[in-house]
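Some notes on the structure that comes next.
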Amino acid sequence: MINQALLESPAEPTATLGTETPRRSLALIILSGLWLIVYFAALFAPPLLDDADATHATAARHMALTGDLVTLRVDGIRYLEKAPLPYWLVALSFRLFGFNTFAAHLPQAIGVLLLSLLGYRWAERAFNPRTAFYTGLATLTSAGVFLFTRYFIPEVLLALFLSTALYCLLRSLDQNQGKSAAEKHVVILSEAKNPRILPEAAHIFPRTLSRATHAYIMWTALALAVLTKGLVALVFFFGAAIIYLALTGDYKKWRALKPLTGTLLFLIIAAPWHILAGLRNTGGMNGHGFFWFYFVNEHFLRFLGKRYPMDYNKLPSYLYWSLHLVWLFPWSLFCGVLFRQATAAFTRFNNANPLANRISYWQPFAVVAVGIFLRDTVHIPYLFTVFVALLVFLVYELHQRQLNSVSDTPLVLAFTFTQRTTLLLSIFATLVLAFFSLSTNQEYYTFPAYLPLLILIAAALTRAEQSFSTDKSARRWITAAHATFIILGIAIALTLTYGLWTSRNIPFVPDIGDLLAHRGVGDYTLSMSALFDLTGPSFAALRLPATLATLAFLIGPTAAWLLRSKHRHLASTTTIALTSAIFLIAAHIAFARFAPMLSSKNLADTIQQLEGSQTISRENQILLYGDQAYGSSIPFYLGREVSLVEGRSTSMLFGSTFPDTPPIFLTSQELLNTWGKGNRKILFVPIEKHDEVDHLLGNTKILVKETSGKALYTDRPLGPIA
């Protein structure tokens, strides 16, 4: 019964897909062209943004100039909280293309392309060419993938390396490399149903790399993931791998994973930087160095919400979960199709081998009691302990079920590469989402789960399209997705039209920041908080992108449904992707219009122009008032260290406690005492600190330039250098 249930898993032979799916060469050309239009074209603007974007670029700039590939530094201060690989790549890009936005963001854009191609390859082997094409489209047109690669963060590289490791895990366990997993699936189904399918699919994939090669690529990718984001990569990979191996019984094939030589390869790649960083960075706060700050503070304490300093927020649970519908939009519209198929598959499996028959009524209460005990005795957060206790309980129950089953019968029978892929991707995505629901989080932390979810959605959509004419349930869920898309499209178009209409009499102003209400932008602790600055008056500067997005959402959803109703499924789904692509292009144009508010490059340009015209001497002192994140693009574009007034905080705090810290930190009183004395002072003041600076310096300051509420002041009149 189990065998029959799992052999009926929703995976279709490649031969039944029809001829309208583009060939591999054409599909790859389309995906590459889409990447060029959406991602590569967006590399040139806007300039690097204040906060994390320019801060991380400054650390990479230091590497490129000094050749120190071990210790990250920002404004001369040790920056020890980040793994090095993204900075190595950007430093190399800087050496090749110069210190600019294009070079800073090029590795991320390439990461998106490689992620989409990996998704294409994995889905092609596990499912079929149609699913592969949809996976590539979804990766390149999902809102979250686009939004979270607009600034310099490592998540896309982490997702690429972890997904590569997971794919190679499955390939290294594939006992028959002479045939593809898709071909083996066809063999199984053909023996039971349709022998004519086999000859048509026998040449889908050529012979590929050996199992041993895939195993070593897996360990290499895992090492690169650790060098990208730290130990959390090991948590996600080994957590998913252990659960998968235990469920499928593939732990018996452990030799195929090359654990000894693979671990040695992993250490050869990942260990040297960690060791050197620990040896070169000692004697910080309270005697702590790199090892405590990086491993304890940045990993364990961050997860528990006790990181020092406390400068991170946590999304409310309802937002944390619901926002994934936004990050995966428009492909999240088909989550209903995925859940419907997953529920049907689980029902078949549970009827064949139900877990519930071993659970007693008192056992869940025992789990809760264990969580309370651990919370009160070792002071670990309650939700975390309950999660761990539930996991241990589940493992125990599964083990008991296996003991009572036929000898050598795995807990989950996954015969084909399709079934194994579905199981592993489901486990991995669930683990990532559950982990960050317990930890402190930013919106983009769950980025590694995007590709697994998109592959599963693409596979579910492909299966639903194939049964659209015969399966009422599939047709109903697809219809619901299109209806939702049309309603959202109309709502978005009406909202944008209203914004355009209300701003019709407002002249275009290049500095959009002057049109926005002054909020406490510096108090934003979530990465997408700046979206709250998209107010009515700002539409005066956003007429072009708003018009483009309005047309896309008025035409795209309706056209997609009309094509679907005519059973032109490939054209319909591609139209959804193109609608999203046009919206992302419009979003990028709008994003660039926000540049004066989000970046301080124009103020750095002003300083360079004044120095170049000899209006001010180059022997001046640049100061930022407040945390360096307020104006971090200024030191990057000036290419020199700046002083921070009341800026010993957040990412600069721990590094400032080392004995070799340069004297860049000033108090407000020290600024007041030196204002107007010695070399000329040029002070950057963010909008949040205007009142403080006005109270401190009064009328002794001279305004050089103000833009988007940010100001440059100097301590003496401007004029030709004597």
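Following the order of the structure tokens, first chain is A, next is B, and so on, with residues numbered from 1 inside each chain and ligands from 1 in the order they appear.
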Show me, as a ChimeraX atom specification, the residues that have an atom within 7 Å of range 44-61 of chain A when counting only C-alpha atoms, minus same-chain residues fewer than 4 positions from it.
/A:65,72-74,87-88,90-91,101-102,104,151-152,592,595,598-601,629-633,636
Could those residues be written to a file, using C-alpha atoms, as a PDB file, in the first residue's frame?
ATOM      1  CA  LEU A  65      43.429  48.544  -0.953  1.00  0.00           C
ATOM      2  CA  LEU A  72      37.497  43.468   8.061  1.00  0.00           C
ATOM      3  CA  ARG A  73      37.752  47.150   8.943  1.00  0.00           C
ATOM      4  CA  VAL A  74      35.290  50.010   8.611  1.00  0.00           C
ATOM      5  CA  TYR A  87      33.887  40.892   0.948  1.00  0.00           C
ATOM      6  CA  TRP A  88      36.589  38.942  -0.880  1.00  0.00           C
ATOM      7  CA  VAL A  90      33.532  42.514  -3.840  1.00  0.00           C
ATOM      8  CA  ALA A  91      37.166  43.434  -3.166  1.00  0.00           C
ATOM      9  CA  THR A 101      28.059  50.753  -7.289  1.00  0.00           C
ATOM     10  CA  PHE A 102      28.413  48.401 -10.251  1.00  0.00           C
ATOM     11  CA  ALA A 104      29.913  46.503  -5.268  1.00  0.00           C
ATOM     12  CA  TYR A 151      22.075  46.292  -1.244  1.00  0.00           C
ATOM     13  CA  PHE A 152      25.193  44.486  -0.116  1.00  0.00           C
ATOM     14  CA  ALA A 592      16.840  55.186  -7.896  1.00  0.00           C
ATOM     15  CA  ALA A 595      18.762  57.927  -3.946  1.00  0.00           C
ATOM     16  CA  LEU A 598      18.854  56.757   0.948  1.00  0.00           C
ATOM     17  CA  SER A 599      22.430  57.699   0.072  1.00  0.00           C
ATOM     18  CA  SER A 600      24.751  60.566   1.021  1.00  0.00           C
ATOM     19  CA  LYS A 601      26.904  60.314  -2.109  1.00  0.00           C
ATOM     20  CA  ALA A 629      25.372  54.086   9.544  1.00  0.00           C
ATOM     21  CA  TYR A 630      23.625  57.451   9.135  1.00  0.00           C
ATOM     22  CA  GLY A 631      26.152  58.553   6.518  1.00  0.00           C
ATOM     23  CA  SER A 632      28.288  55.516   5.758  1.00  0.00           C
ATOM     24  CA  SER A 633      28.385  56.287   2.029  1.00  0.00           C
ATOM     25  CA  PHE A 636      33.255  55.192   1.020  1.00  0.00           C
TER      26      PHE A 636
END
List the spatial neighbours of range 572-587 of chain A as a ChimeraX atom specification - criterion: any atom at most 10 Å away, only C-alpha atoms, same-chain residues fewer than 2 positions off excluded.
/A:34-35,37-39,41-42,133-134,137-143,146-147,329-331,461-462,465,482,485,489,542,544-570,589-593
Can you pull out every residue within 8 Å of Tyr625 in chain A, counting only C-alpha atoms, but drop anything in the same chain fewer than 5 positions away, and send it as a ChimeraX atom specification?
/A:644-647,683-686,689
File of the preceding selection, C-alpha atoms, as a PDB file, in the first residue's frame:
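Generated output (result.pdb):
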ATOM      1  CA  LEU A 644      32.436  60.068  14.566  1.00  0.00           C
ATOM      2  CA  VAL A 645      30.791  62.343  17.111  1.00  0.00           C
ATOM      3  CA  GLU A 646      28.822  60.292  19.644  1.00  0.00           C
ATOM      4  CA  GLY A 647      29.240  57.412  17.214  1.00  0.00           C
ATOM      5  CA  LEU A 683      30.179  68.049   9.882  1.00  0.00           C
ATOM      6  CA  PHE A 684      27.561  65.671   8.445  1.00  0.00           C
ATOM      7  CA  VAL A 685      24.300  65.810  10.386  1.00  0.00           C
ATOM      8  CA  PRO A 686      21.450  63.357   9.718  1.00  0.00           C
ATOM      9  CA  LYS A 689      20.316  64.768  14.987  1.00  0.00           C
TER      10      LYS A 689
END
As a ChimeraX atom specification, which residues of range 533-576 of chain A does DSSP assign to alpha helix (DSSP H)?
/A:543-565,569-576
Point-to-point distance in Å for CA of Met310 in chain A and CA of His288 in chain A
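Separation of CA of His288 in chain A and CA of Met310 in chain A: 17.6 Å.
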For each of A:Phe665, A:Phe415, A:Phe594, A:Trp675, take the minimum atom-to-atom distance to Gly76 in chain A, counting only C-alpha atoms, then give the residue where this is smallest.
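Using only C-alpha atoms, Gly76 in chain A sits closest to A:Phe665.
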